[in-house]
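So this block is my_file-v3.txt, compact mmCIF, C-alpha atoms and all ligand atoms:
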# COMPACT_ATOMS: atom_id res chain seq x y z
CA MET A 13 -33.61 -59.15 0.41
CA LYS A 14 -31.92 -57.12 -2.28
CA ILE A 15 -29.41 -54.64 -0.91
CA ASN A 16 -28.63 -51.65 -3.09
CA ARG A 17 -24.91 -51.21 -2.54
CA SER A 18 -24.59 -48.43 -5.08
CA ILE A 19 -26.22 -45.75 -2.91
CA LEU A 20 -23.75 -42.96 -2.27
CA THR A 21 -24.66 -40.13 0.07
CA LEU A 22 -23.44 -36.58 -0.50
CA GLU A 23 -20.89 -36.96 2.29
CA GLU A 24 -19.61 -40.31 0.99
CA PHE A 25 -19.35 -38.81 -2.49
CA ARG A 26 -17.35 -35.83 -1.20
CA LYS A 27 -15.01 -38.15 0.71
CA GLN A 28 -14.37 -40.11 -2.47
CA GLU A 29 -13.69 -36.87 -4.35
CA LEU A 30 -11.20 -35.78 -1.69
CA ARG A 31 -9.06 -38.83 -2.49
CA PHE A 32 -8.29 -37.16 -5.82
CA LEU A 33 -7.50 -33.83 -4.18
CA PRO A 34 -4.57 -34.45 -1.85
CA GLN A 35 -4.20 -30.69 -1.11
CA ALA A 36 -7.82 -30.30 -0.02
CA THR A 37 -8.56 -29.58 3.63
CA GLY A 38 -12.18 -30.79 3.51
CA GLU A 39 -13.47 -27.32 4.34
CA LEU A 40 -15.60 -27.08 1.19
CA SER A 41 -17.06 -30.52 1.92
CA ASN A 42 -17.96 -29.36 5.41
CA LEU A 43 -19.58 -26.29 3.99
CA LEU A 44 -21.65 -28.37 1.54
CA ARG A 45 -22.64 -30.61 4.45
CA ASP A 46 -23.91 -27.52 6.36
CA ILE A 47 -25.86 -26.34 3.31
CA ALA A 48 -27.39 -29.81 2.92
CA LEU A 49 -28.39 -29.81 6.59
CA ALA A 50 -30.14 -26.44 6.27
CA ALA A 51 -31.80 -27.66 3.05
CA LYS A 52 -33.22 -30.68 4.87
CA ARG A 53 -34.64 -28.41 7.57
CA VAL A 54 -36.15 -26.06 4.97
CA ASN A 55 -37.54 -29.05 3.10
CA VAL A 56 -39.44 -30.14 6.21
CA GLU A 57 -40.93 -26.67 6.63
CA VAL A 58 -41.78 -26.31 2.93
CA ASN A 59 -43.60 -29.63 3.06
CA ARG A 60 -45.70 -28.66 6.04
CA ALA A 61 -46.04 -24.94 5.26
CA GLY A 62 -49.77 -25.16 4.53
CA LEU A 63 -50.42 -27.15 7.71
CA ALA A 64 -48.19 -25.06 9.97
CA ASP A 65 -49.69 -21.77 8.82
CA LEU A 66 -46.37 -20.68 7.33
CA LEU A 67 -47.88 -19.51 4.05
CA GLY A 68 -48.27 -15.84 3.30
CA GLU A 69 -46.52 -12.60 4.00
CA THR A 70 -44.81 -11.39 7.15
CA GLY A 71 -45.98 -7.82 6.48
CA LYS A 72 -42.33 -6.74 6.05
CA ILE A 73 -40.72 -5.41 2.86
CA ASN A 74 -37.17 -6.54 2.03
CA VAL A 75 -34.31 -4.47 0.68
CA GLN A 76 -35.59 -5.11 -2.87
CA GLY A 77 -38.97 -3.56 -1.99
CA GLU A 78 -40.67 -6.97 -2.14
CA GLY A 79 -43.01 -8.53 0.42
CA VAL A 80 -41.17 -10.97 2.70
CA ARG A 81 -42.92 -14.29 3.18
CA GLN A 82 -42.72 -16.26 6.38
CA LEU A 83 -40.88 -19.09 4.69
CA ASP A 84 -38.34 -16.68 3.14
CA GLU A 85 -37.41 -15.56 6.62
CA TRP A 86 -37.43 -19.06 8.00
CA ALA A 87 -35.17 -20.34 5.21
CA ASN A 88 -32.78 -17.43 5.60
CA ALA A 89 -32.43 -18.15 9.33
CA ALA A 90 -31.94 -21.89 8.69
CA PHE A 91 -29.04 -21.35 6.26
CA MET A 92 -27.50 -18.61 8.38
CA THR A 93 -27.57 -20.77 11.51
CA ALA A 94 -26.24 -23.91 9.84
CA LEU A 95 -23.38 -22.01 8.20
CA GLN A 96 -22.46 -20.13 11.36
CA ARG A 97 -22.51 -23.26 13.50
CA GLY A 98 -20.63 -25.21 10.86
CA VAL A 99 -17.64 -22.82 11.15
CA SER A 100 -16.52 -23.46 7.54
CA CYS A 101 -17.71 -20.09 6.34
CA ALA A 102 -16.64 -16.57 7.36
CA GLY A 103 -19.92 -14.87 6.44
CA ILE A 104 -22.85 -14.70 4.06
CA ALA A 105 -24.67 -12.33 1.71
CA SER A 106 -28.33 -13.11 1.21
CA GLU A 107 -31.30 -11.79 -0.74
CA GLU A 108 -33.00 -11.36 2.63
CA LEU A 109 -30.25 -9.26 4.24
CA GLU A 110 -29.59 -5.66 3.33
CA ASP A 111 -25.88 -5.96 4.08
CA PHE A 112 -23.50 -8.93 4.17
CA LEU A 113 -23.16 -10.68 7.51
CA SER A 114 -19.72 -11.43 8.91
CA PHE A 115 -19.97 -14.21 11.48
CA ASP A 116 -17.00 -12.57 13.15
CA GLU A 117 -16.14 -15.35 15.57
CA GLU A 118 -12.54 -16.37 15.86
CA ILE A 119 -13.13 -19.81 14.40
CA CYS A 120 -15.32 -18.54 11.52
CA ASN A 121 -12.75 -15.86 10.69
CA GLN A 122 -10.26 -18.69 10.11
CA SER A 123 -12.41 -19.98 7.24
CA LYS A 124 -11.31 -19.29 3.70
CA TYR A 125 -14.86 -19.20 2.26
CA VAL A 126 -17.86 -16.89 2.11
CA VAL A 127 -21.30 -17.85 0.79
CA VAL A 128 -23.83 -15.90 -1.30
CA LEU A 129 -27.38 -17.14 -1.24
CA ASP A 130 -31.00 -16.76 -2.17
CA PRO A 131 -32.57 -18.82 0.62
CA LEU A 132 -35.94 -19.30 -1.08
CA ASP A 133 -36.24 -18.33 -4.71
CA GLY A 134 -39.62 -18.22 -6.45
CA SER A 135 -41.31 -17.82 -3.10
CA SER A 136 -44.43 -16.29 -4.66
CA ASN A 137 -45.12 -19.91 -5.70
CA ILE A 138 -45.21 -21.22 -2.11
CA ASP A 139 -48.90 -20.52 -1.63
CA VAL A 140 -49.82 -22.56 -4.69
CA ASN A 141 -47.63 -25.58 -4.02
CA ILE A 142 -45.29 -25.17 -7.01
CA SER A 143 -41.56 -26.00 -6.85
CA ILE A 144 -39.31 -23.42 -5.22
CA GLY A 145 -35.60 -23.47 -4.53
CA THR A 146 -32.46 -22.27 -2.78
CA ILE A 147 -29.50 -20.92 -4.76
CA PHE A 148 -25.95 -20.66 -3.37
CA GLY A 149 -22.44 -19.77 -4.42
CA VAL A 150 -19.13 -20.21 -2.58
CA TYR A 151 -16.18 -17.81 -2.98
CA ARG A 152 -12.68 -18.05 -1.61
CA ARG A 153 -12.32 -14.82 0.34
CA THR A 154 -9.89 -12.22 -0.90
CA THR A 155 -9.34 -10.70 2.55
CA GLU A 156 -6.94 -12.30 4.94
CA LYS A 157 -7.92 -15.37 6.91
CA GLY A 158 -8.16 -14.63 10.60
CA SER A 159 -9.91 -11.29 10.09
CA PRO A 160 -13.67 -10.68 9.63
CA CYS A 161 -14.79 -10.97 5.99
CA GLN A 162 -15.50 -7.76 4.06
CA LEU A 163 -17.84 -6.59 1.28
CA THR A 164 -15.11 -7.13 -1.33
CA ASP A 165 -15.16 -10.88 -0.56
CA PHE A 166 -18.75 -10.99 -1.88
CA LEU A 167 -18.35 -8.66 -4.86
CA GLN A 168 -16.15 -10.99 -6.87
CA LYS A 169 -16.78 -11.98 -10.46
CA GLY A 170 -18.72 -15.18 -10.92
CA SER A 171 -15.68 -16.65 -12.66
CA HIS A 172 -14.02 -16.70 -9.22
CA LEU A 173 -16.67 -19.02 -7.74
CA VAL A 174 -15.23 -22.15 -6.18
CA ALA A 175 -18.59 -23.92 -6.13
CA ALA A 176 -22.25 -23.15 -6.72
CA GLY A 177 -25.48 -25.05 -6.49
CA TYR A 178 -29.17 -25.11 -5.82
CA ILE A 179 -31.76 -27.11 -3.97
CA ILE A 180 -35.11 -27.70 -5.61
CA TYR A 181 -38.04 -28.43 -3.31
CA GLY A 182 -40.26 -30.25 -5.78
CA PRO A 183 -42.00 -33.62 -6.12
CA SER A 184 -38.69 -34.84 -4.77
CA THR A 185 -36.06 -32.60 -3.23
CA MET A 186 -32.73 -32.40 -4.99
CA LEU A 187 -29.41 -30.73 -4.34
CA VAL A 188 -27.28 -30.03 -7.39
CA TYR A 189 -23.80 -28.57 -7.01
CA ALA A 190 -20.99 -27.67 -9.36
CA THR A 191 -17.26 -27.34 -8.89
CA ARG A 192 -14.61 -27.20 -11.57
CA ARG A 193 -14.62 -31.01 -11.38
CA GLY A 194 -18.20 -31.26 -12.63
CA VAL A 195 -21.88 -30.97 -11.80
CA HIS A 196 -23.64 -33.63 -9.71
CA GLY A 197 -27.21 -34.06 -8.52
CA PHE A 198 -28.38 -35.69 -5.29
CA THR A 199 -31.96 -36.63 -4.47
CA LEU A 200 -33.15 -36.52 -0.88
CA ASP A 201 -34.07 -40.03 0.21
CA PRO A 202 -36.78 -39.34 2.78
CA SER A 203 -36.37 -42.77 4.39
CA MET A 204 -32.69 -42.09 5.19
CA GLY A 205 -32.90 -38.31 5.40
CA GLU A 206 -29.80 -38.16 3.18
CA PHE A 207 -29.07 -36.62 -0.20
CA THR A 208 -27.97 -39.53 -2.38
CA LEU A 209 -26.22 -39.38 -5.73
CA SER A 210 -28.84 -39.69 -8.47
CA HIS A 211 -27.52 -37.53 -11.33
CA PRO A 212 -23.72 -37.90 -11.62
CA ASP A 213 -21.84 -35.69 -14.06
CA ILE A 214 -24.71 -33.60 -15.41
CA GLN A 215 -24.11 -32.16 -18.88
CA CYS A 216 -26.56 -29.67 -20.31
CA PRO A 217 -27.64 -30.95 -23.78
CA PRO A 218 -26.16 -28.60 -26.40
CA LYS A 219 -29.64 -28.00 -27.75
CA GLY A 220 -33.20 -28.42 -26.51
CA ARG A 221 -36.75 -27.71 -27.54
CA ILE A 222 -37.89 -25.56 -24.59
CA TYR A 223 -37.84 -21.79 -24.09
CA SER A 224 -38.72 -20.25 -20.75
CA VAL A 225 -39.72 -16.61 -20.56
CA ASN A 226 -42.49 -14.48 -19.06
CA GLN A 227 -44.17 -13.85 -22.38
CA GLY A 228 -46.67 -11.54 -20.69
CA ASN A 229 -43.87 -8.96 -20.61
CA GLU A 230 -43.30 -9.21 -24.37
CA ALA A 231 -44.36 -5.62 -25.09
CA GLY A 232 -41.46 -4.43 -22.91
CA TYR A 233 -38.74 -6.60 -24.49
CA ASN A 234 -36.29 -5.27 -27.04
CA GLU A 235 -36.47 -6.35 -30.68
CA GLN A 236 -33.63 -8.88 -30.37
CA VAL A 237 -35.51 -10.75 -27.66
CA ASN A 238 -38.84 -10.62 -29.49
CA ARG A 239 -37.22 -11.78 -32.73
CA PHE A 240 -35.75 -14.75 -30.89
CA ILE A 241 -39.11 -15.58 -29.26
CA ARG A 242 -40.81 -15.47 -32.67
CA GLY A 243 -38.12 -17.78 -33.98
CA CYS A 244 -38.83 -20.25 -31.16
CA GLN A 245 -42.51 -20.22 -32.08
CA GLN A 246 -41.99 -20.53 -35.80
CA LYS A 247 -39.24 -23.07 -36.29
CA SER A 248 -40.12 -24.10 -39.81
CA SER A 249 -38.02 -27.19 -40.38
CA GLN A 250 -40.10 -30.38 -40.21
CA GLU A 251 -37.56 -31.87 -37.91
CA GLU A 252 -37.73 -29.18 -35.27
CA GLY A 253 -41.25 -27.79 -35.22
CA PRO A 254 -41.97 -24.94 -32.76
CA TYR A 255 -40.33 -25.06 -29.35
CA SER A 256 -42.42 -25.56 -26.23
CA LEU A 257 -42.85 -22.65 -23.82
CA ARG A 258 -42.37 -23.75 -20.20
CA TYR A 259 -42.27 -21.10 -17.46
CA THR A 260 -43.15 -21.66 -13.82
CA GLY A 261 -41.99 -18.33 -12.32
CA SER A 262 -39.49 -20.29 -10.19
CA MET A 263 -36.11 -19.86 -11.81
CA VAL A 264 -34.73 -22.88 -9.97
CA ALA A 265 -37.43 -25.12 -11.46
CA ASP A 266 -37.14 -23.62 -14.94
CA LEU A 267 -33.35 -23.82 -15.05
CA HIS A 268 -33.26 -27.28 -13.46
CA ARG A 269 -35.52 -28.63 -16.21
CA ASN A 270 -33.56 -26.86 -18.95
CA LEU A 271 -30.23 -28.06 -17.50
CA LEU A 272 -31.38 -31.67 -17.67
CA LYS A 273 -33.44 -31.58 -20.87
CA GLY A 274 -31.87 -28.72 -22.82
CA GLY A 275 -33.50 -25.34 -23.30
CA ILE A 276 -33.09 -21.61 -22.88
CA PHE A 277 -34.25 -19.30 -20.07
CA LEU A 278 -34.69 -15.58 -20.67
CA TYR A 279 -35.31 -12.77 -18.19
CA PRO A 280 -34.67 -9.63 -20.24
CA ALA A 281 -34.78 -6.01 -19.12
CA ILE A 282 -38.30 -4.54 -19.04
CA PRO A 283 -39.46 -0.95 -18.39
CA SER A 284 -40.20 -1.71 -14.71
CA PHE A 285 -36.78 -3.42 -14.34
CA PRO A 286 -34.56 -1.55 -16.84
CA ASN A 287 -31.46 -3.48 -15.69
CA GLY A 288 -33.27 -6.83 -15.49
CA LYS A 289 -35.04 -8.27 -12.47
CA LEU A 290 -32.80 -11.10 -11.31
CA ARG A 291 -29.93 -10.53 -8.94
CA LEU A 292 -26.38 -10.97 -10.23
CA VAL A 293 -24.60 -12.00 -7.03
CA TYR A 294 -26.78 -14.74 -5.57
CA GLU A 295 -29.14 -15.74 -8.40
CA CYS A 296 -27.45 -15.35 -11.78
CA ASN A 297 -23.78 -15.96 -10.96
CA PRO A 298 -24.36 -19.33 -9.25
CA PHE A 299 -26.55 -20.54 -12.14
CA ALA A 300 -24.12 -19.20 -14.74
CA PHE A 301 -21.33 -21.15 -13.03
CA ILE A 302 -23.40 -24.35 -12.87
CA LEU A 303 -24.34 -24.03 -16.54
CA GLU A 304 -20.77 -23.30 -17.65
CA MET A 305 -19.51 -26.33 -15.73
CA ALA A 306 -22.24 -28.39 -17.44
CA ARG A 307 -21.22 -27.00 -20.88
CA GLY A 308 -24.10 -24.54 -21.12
CA ARG A 309 -23.81 -20.73 -21.19
CA ALA A 310 -25.18 -17.60 -19.52
CA THR A 311 -25.04 -13.95 -20.59
CA ASP A 312 -26.66 -10.59 -19.90
CA GLY A 313 -27.32 -10.32 -23.65
CA PHE A 314 -23.82 -8.95 -24.33
CA ASN A 315 -21.30 -10.32 -21.85
CA ASN A 316 -20.77 -13.61 -20.11
CA ILE A 317 -22.44 -13.33 -16.72
CA LEU A 318 -19.34 -14.76 -15.03
CA ASP A 319 -17.21 -11.87 -16.37
CA LEU A 320 -19.28 -9.12 -14.75
CA THR A 321 -17.90 -7.37 -11.67
CA PRO A 322 -20.77 -6.72 -9.24
CA GLY A 323 -21.03 -3.12 -8.08
CA CYS A 324 -23.26 -3.95 -5.12
CA LEU A 325 -24.77 -6.98 -3.39
CA HIS A 326 -28.29 -6.63 -4.78
CA GLN A 327 -27.41 -5.60 -8.33
CA ARG A 328 -29.92 -6.68 -10.95
CA VAL A 329 -29.06 -7.90 -14.41
CA ALA A 330 -30.73 -9.18 -17.58
CA PHE A 331 -30.24 -12.94 -17.69
CA PHE A 332 -30.17 -15.42 -20.57
CA ALA A 333 -29.03 -18.94 -19.82
CA GLY A 334 -29.17 -22.46 -21.13
CA SER A 335 -28.00 -24.85 -23.81
CA ARG A 336 -24.89 -23.72 -25.63
CA GLU A 337 -26.26 -23.87 -29.20
CA MET A 338 -29.50 -22.12 -28.28
CA MET A 339 -27.52 -19.41 -26.50
CA ASN A 340 -25.36 -19.04 -29.62
CA SER A 341 -28.49 -18.65 -31.80
CA PHE A 342 -29.80 -16.04 -29.37
CA ALA A 343 -26.53 -14.10 -29.59
CA LYS A 344 -26.49 -14.23 -33.41
CA ASN A 345 -30.19 -13.50 -33.84
P1 LIG B 401 -37.72 -13.87 -6.04
O1 LIG B 401 -36.26 -13.95 -5.70
O2 LIG B 401 -38.39 -12.69 -5.41
O3 LIG B 401 -38.45 -15.17 -5.78
O4 LIG B 401 -37.82 -13.54 -7.62
C1 LIG B 401 -37.10 -14.31 -8.53
C2 LIG B 401 -38.07 -15.08 -9.38
C3 LIG B 401 -37.42 -16.13 -10.23
O5 LIG B 401 -37.39 -17.37 -9.59
C4 LIG B 401 -38.32 -16.18 -11.43
O6 LIG B 401 -37.66 -16.64 -12.58
C5 LIG B 401 -38.76 -14.77 -11.57
O7 LIG B 401 -38.64 -14.17 -10.31
C6 LIG B 401 -40.18 -14.67 -12.01
O8 LIG B 401 -40.50 -13.34 -12.21
P2 LIG B 401 -41.81 -12.93 -13.03
O9 LIG B 401 -42.97 -13.24 -12.18
O10 LIG B 401 -41.63 -11.45 -13.23
O11 LIG B 401 -41.81 -13.66 -14.33
MG MG B 402 -34.78 -14.93 -5.67
Output the file's structure in the form of structure tokens.
Amino acid sequence: MKINRSILTLEEFRKQELRFLPQATGELSNLLRDIALAAKRVNVEVNRAGLADLLGETGKINVQGEGVRQLDEWANAAFMTALQRGVSCAGIASEELEDFLSFDEEICNQSKYVVVLDPLDGSSNIDVNISIGTIFGVYRRTTEKGSPCQLTDFLQKGSHLVAAGYIIYGPSTMLVYATRRGVHGFTLDPSMGEFTLSHPDIQCPPKGRIYSVNQGNEAGYNEQVNRFIRGCQQKSSQEEGPYSLRYTGSMVADLHRNLLKGGIFLYPAIPSFPNGKLRLVYECNPFAFILEMARGRATDGFNNILDLTPGCLHQRVAFFAGSREMMNSFAKN
């Protein structure tokens, strides 16, 4: 029997990393472990959603004015519970919660971290069995340890993120996370029930041949965006040819593909969303951080996403992200 000795679980990988970080307390590793646990629970529900009658709407409308799906709620509760029980996090802000939630227990108040999260992004794709995802970001709180966390802990610039990541529930389930030490991807091994290292040290190719945008909204885009889209369609050089348009409507799936293969993702402002549709705090900032750590880039069309100071938890923003050279061409175009 051949034994694969190279398998490294997320926890084993974190323990190895800690050897190089003598000051580290292990609190971030614990927090990632809690997120991975919730992700495994959500993965089970996502896989059986059609069978367990978990598809469809709850009849409620969230703070964004959007219909809440049963799995959205389920995923939100799973992450909230795992993080509260894990006691390595002082509180969370979530797409599904109007206000931030301070866990406000003595032991949680001792934690130095807070988490921002979109528990189930792209959830309109659940009913049709297309990849969806979870997005998260981890901040070191600015308020004093020992006290309940406050709104200001969550309204930090993306450049202050300590870690960020996502889980993609797709043909296989993957957890990708970034710290300043790099970006690593782990695939869920269903036989072990563990995330195992499959994509060490992810670097976004400087250039790709994919653009991802909801082209149906073209009439509402500004001229800079439309000029760039035309350029993607008309690349004249023999070598390049036109780029391929790939857009699933699940940002996690679109950005995951572009992170690995190279490409650019655009969600510009449109008349119905004059400030952009995607949320700065728990959707764009985590992805901007992941891309920057993987040598890609993310902007709102003018500024680096990570330099923006959020004014409120559910702030929307125009979002352009991907391979560095493609992002540079977009900026110059
Ligand atoms: P959600 O948080 O309500 O799921 O919305 C975010 C999603 C992104 O995953 C995706 O890129 C975008 O909305 C798709 O929007 P559209 O259908 O307008 O193209
Ligand atoms: Mg979302």
Give me, as CSV, the closest atom pair and its distance (Å, one decimal) for every residue of region 115-145 of chain A within a cut-off of 12 Å of region 280-297 of chain A, counting all atoms listed in the file, rows sorted by chain and rising number.
residue,atom,partner,partner_atom,distance
A:Val126,CA,A:Tyr294,CA,12.0
A:Val127,CA,A:Tyr294,CA,9.0
A:Val128,CA,A:Tyr294,CA,5.3
A:Leu129,CA,A:Tyr294,CA,5.0
A:Asp130,CA,A:Tyr294,CA,5.8
A:Pro131,CA,A:Tyr294,CA,9.4
A:Leu132,CA,A:Glu295,CA,10.6
A:Asp133,CA,A:Glu295,CA,8.4
A:Gly134,CA,A:Glu295,CA,10.9
A:Gly145,CA,A:Glu295,CA,10.8
Compile a residue-level contact table for region 191-290 of chain A against region 33-54 of chain A at a cut-off of 12 Å, reporting for every qualifying residue the shortest atom pair and its distance in Å to one decimal, with all atoms listed in the file counted, rows ordered by chain and ascending number, as CSV.
residue,atom,partner,partner_atom,distance
A:Thr191,CA,A:Leu40,CA,10.2
A:Arg193,CA,A:Leu33,CA,10.5
A:Phe198,CA,A:Ala48,CA,10.1
A:Thr199,CA,A:Ala48,CA,11.0
A:Leu200,CA,A:Lys52,CA,8.2
A:Asp201,CA,A:Lys52,CA,10.5
A:Pro202,CA,A:Lys52,CA,9.6
A:Met204,CA,A:Lys52,CA,11.4
A:Gly205,CA,A:Lys52,CA,7.7
A:Glu206,CA,A:Lys52,CA,8.4
A:Phe207,CA,A:Ala48,CA,7.7
A:Thr208,CA,A:Ala48,CA,11.1
Could I get the residues of chain A with an atom no further than 10 Å from an atom of ligand LIG 401 (chain B), each paired with its nearest atom pair and that distance in Å to one decimal, using only C-alpha atoms and all ligand atoms, sorted by chain and residue number, as CSV?
residue,atom,partner,partner_atom,distance
A:Asn74,CA,B:LIG401,O2,9.7
A:Gln76,CA,B:LIG401,O2,8.5
A:Gly77,CA,B:LIG401,O2,9.8
A:Glu78,CA,B:LIG401,O2,7.0
A:Gly79,CA,B:LIG401,O2,8.5
A:Val80,CA,B:LIG401,O2,8.7
A:Arg81,CA,B:LIG401,O2,9.8
A:Asp84,CA,B:LIG401,O3,9.0
A:Glu107,CA,B:LIG401,O1,7.3
A:Glu108,CA,B:LIG401,O1,9.3
A:Asp130,CA,B:LIG401,O1,6.9
A:Pro131,CA,B:LIG401,O1,8.8
A:Leu132,CA,B:LIG401,O3,6.7
A:Asp133,CA,B:LIG401,O3,4.0
A:Gly134,CA,B:LIG401,O3,3.3
A:Ser135,CA,B:LIG401,O3,4.7
A:Ser136,CA,B:LIG401,O3,6.2
A:Asn137,CA,B:LIG401,O3,8.2
A:Ile138,CA,B:LIG401,O3,9.8
A:Ser143,CA,B:LIG401,O5,10.0
A:Ile144,CA,B:LIG401,O5,7.7
A:Gly145,CA,B:LIG401,O5,8.1
A:Thr146,CA,B:LIG401,O1,9.6
A:Ile147,CA,B:LIG401,O1,9.8
A:Ser224,CA,B:LIG401,O6,9.0
A:Val225,CA,B:LIG401,O11,7.2
A:Asn226,CA,B:LIG401,O11,4.8
A:Gln227,CA,B:LIG401,O11,8.4
A:Gly228,CA,B:LIG401,O11,8.3
A:Asn229,CA,B:LIG401,O10,8.1
A:Tyr259,CA,B:LIG401,O6,8.1
A:Thr260,CA,B:LIG401,O6,7.5
A:Gly261,CA,B:LIG401,C6,4.1
A:Ser262,CA,B:LIG401,O5,3.6
A:Met263,CA,B:LIG401,O5,3.6
A:Val264,CA,B:LIG401,O5,6.1
A:Ala265,CA,B:LIG401,O5,8.0
A:Asp266,CA,B:LIG401,O6,7.4
A:Leu267,CA,B:LIG401,O6,8.7
A:Phe277,CA,B:LIG401,O6,8.6
A:Leu278,CA,B:LIG401,O6,8.7
A:Tyr279,CA,B:LIG401,O6,7.2
A:Ile282,CA,B:LIG401,O10,9.6
A:Ser284,CA,B:LIG401,O10,10.0
A:Phe285,CA,B:LIG401,O10,9.4
A:Gly288,CA,B:LIG401,O10,9.8
A:Lys289,CA,B:LIG401,O7,7.2
A:Leu290,CA,B:LIG401,C1,6.0
A:Arg291,CA,B:LIG401,O1,7.9
A:Tyr294,CA,B:LIG401,O1,9.5
A:Glu295,CA,B:LIG401,O1,7.8
A:Phe331,CA,B:LIG401,O6,9.7
### Query
What is the CA of Leu163 (chain A)-CA of Phe112 (chain A) distance in Å, reported with one decimal?
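So the answer is 6.8 Å.
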### Query
For Val237 (chain A), which of A:Ala343, A:Leu272, A:Ala175, A:Cys161 is the closest residue, counting only C-alpha atoms?
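Counting only C-alpha atoms, the residue closest to Val237 (chain A) is A:Ala343.
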### Message
Please determine, counting all atoms listed in the file, which residue among A:Ser106, A:Asn345, A:Thr311, A:Gln28 has the shortest atom-to-atom distance to ligand MG 402 (chain B).
### Response
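Closest to ligand MG 402 (chain B) of all the choices is A:Ser106.
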### Query
Separation of CA of Leu209 (chain A) and CA of Arg31 (chain A), in Å?
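Computing it gives 17.5 Å between the two atoms.
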#### Entry: Best match for closeness to Gly170 (chain A) among A:Asn88, A:Gln96, A:Gln82, A:Thr321, counting only C-alpha atoms
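Using only C-alpha atoms, Gly170 (chain A) sits closest to A:Thr321.
With distances taken over all atoms listed in the file, A:Cys324 is the one residue among A:Arg221, A:Phe115, A:Cys324, A:Gly182 lying closest to Lys169 (chain A).
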### Query
For ligand MG 402 (chain B), which residue out of A:Arg258, A:His196, A:Phe148, A:Trp86 is the nearest one, using all atoms listed in the file?
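Result for the nearest residue to ligand MG 402 (chain B): A:Phe148.
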### Summary
Restricting to all atoms listed in the file, whichever of A:Gly334, A:Gly313, A:Pro298, A:Gly275 is closest to ligand MG 402 (chain B) is A:Pro298
#### Entry: Atomic separation - CA of Phe301 (chain A) relative to CA of Phe314 (chain A), Å
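The value is 16.8 Å.
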Could you add whatever atoms are missing so that region 133-146 of chain A carries N, CA and C atoms, then write the result as a JSON list (two decimals), keeping the file's coordinate frame?
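What ended up in out_11.json:
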[["chain", "number", "residue", "atom", "x", "y", "z"],
["A", 133, "ASP", "N", -35.94, -19.02, -3.47],
["A", 133, "ASP", "CA", -36.24, -18.33, -4.71],
["A", 133, "ASP", "C", -37.59, -18.81, -5.25],
["A", 134, "GLY", "N", -38.31, -17.88, -5.88],
["A", 134, "GLY", "CA", -39.62, -18.22, -6.45],
["A", 134, "GLY", "C", -40.67, -18.33, -5.37],
["A", 135, "SER", "N", -40.46, -17.58, -4.27],
["A", 135, "SER", "CA", -41.31, -17.82, -3.10],
["A", 135, "SER", "C", -42.76, -17.38, -3.31],
["A", 136, "SER", "N", -43.02, -16.63, -4.40],
["A", 136, "SER", "CA", -44.43, -16.29, -4.66],
["A", 136, "SER", "C", -45.21, -17.55, -5.06],
["A", 137, "ASN", "N", -44.47, -18.64, -5.33],
["A", 137, "ASN", "CA", -45.12, -19.91, -5.70],
["A", 137, "ASN", "C", -45.44, -20.79, -4.49],
["A", 138, "ILE", "N", -45.02, -20.37, -3.29],
["A", 138, "ILE", "CA", -45.21, -21.22, -2.11],
["A", 138, "ILE", "C", -46.70, -21.49, -1.89],
["A", 139, "ASP", "N", -47.47, -20.41, -1.97],
["A", 139, "ASP", "CA", -48.90, -20.52, -1.63],
["A", 139, "ASP", "C", -49.64, -21.48, -2.54],
["A", 140, "VAL", "N", -49.09, -21.73, -3.73],
["A", 140, "VAL", "CA", -49.82, -22.56, -4.69],
["A", 140, "VAL", "C", -49.11, -23.89, -4.94],
["A", 141, "ASN", "N", -48.20, -24.24, -4.01],
["A", 141, "ASN", "CA", -47.63, -25.58, -4.02],
["A", 141, "ASN", "C", -46.88, -25.92, -5.31],
["A", 142, "ILE", "N", -46.12, -24.95, -5.82],
["A", 142, "ILE", "CA", -45.29, -25.17, -7.01],
["A", 142, "ILE", "C", -43.83, -25.13, -6.56],
["A", 143, "SER", "N", -42.97, -25.88, -7.26],
["A", 143, "SER", "CA", -41.56, -26.00, -6.85],
["A", 143, "SER", "C", -40.90, -24.64, -6.60],
["A", 144, "ILE", "N", -40.12, -24.59, -5.54],
["A", 144, "ILE", "CA", -39.31, -23.42, -5.22],
["A", 144, "ILE", "C", -37.88, -23.91, -4.95],
["A", 145, "GLY", "N", -36.98, -23.00, -4.68],
["A", 145, "GLY", "CA", -35.60, -23.47, -4.53],
["A", 145, "GLY", "C", -34.72, -22.56, -3.71],
["A", 146, "THR", "N", -33.53, -23.05, -3.41],
["A", 146, "THR", "CA", -32.46, -22.27, -2.78],
["A", 146, "THR", "C", -31.30, -22.20, -3.77]]
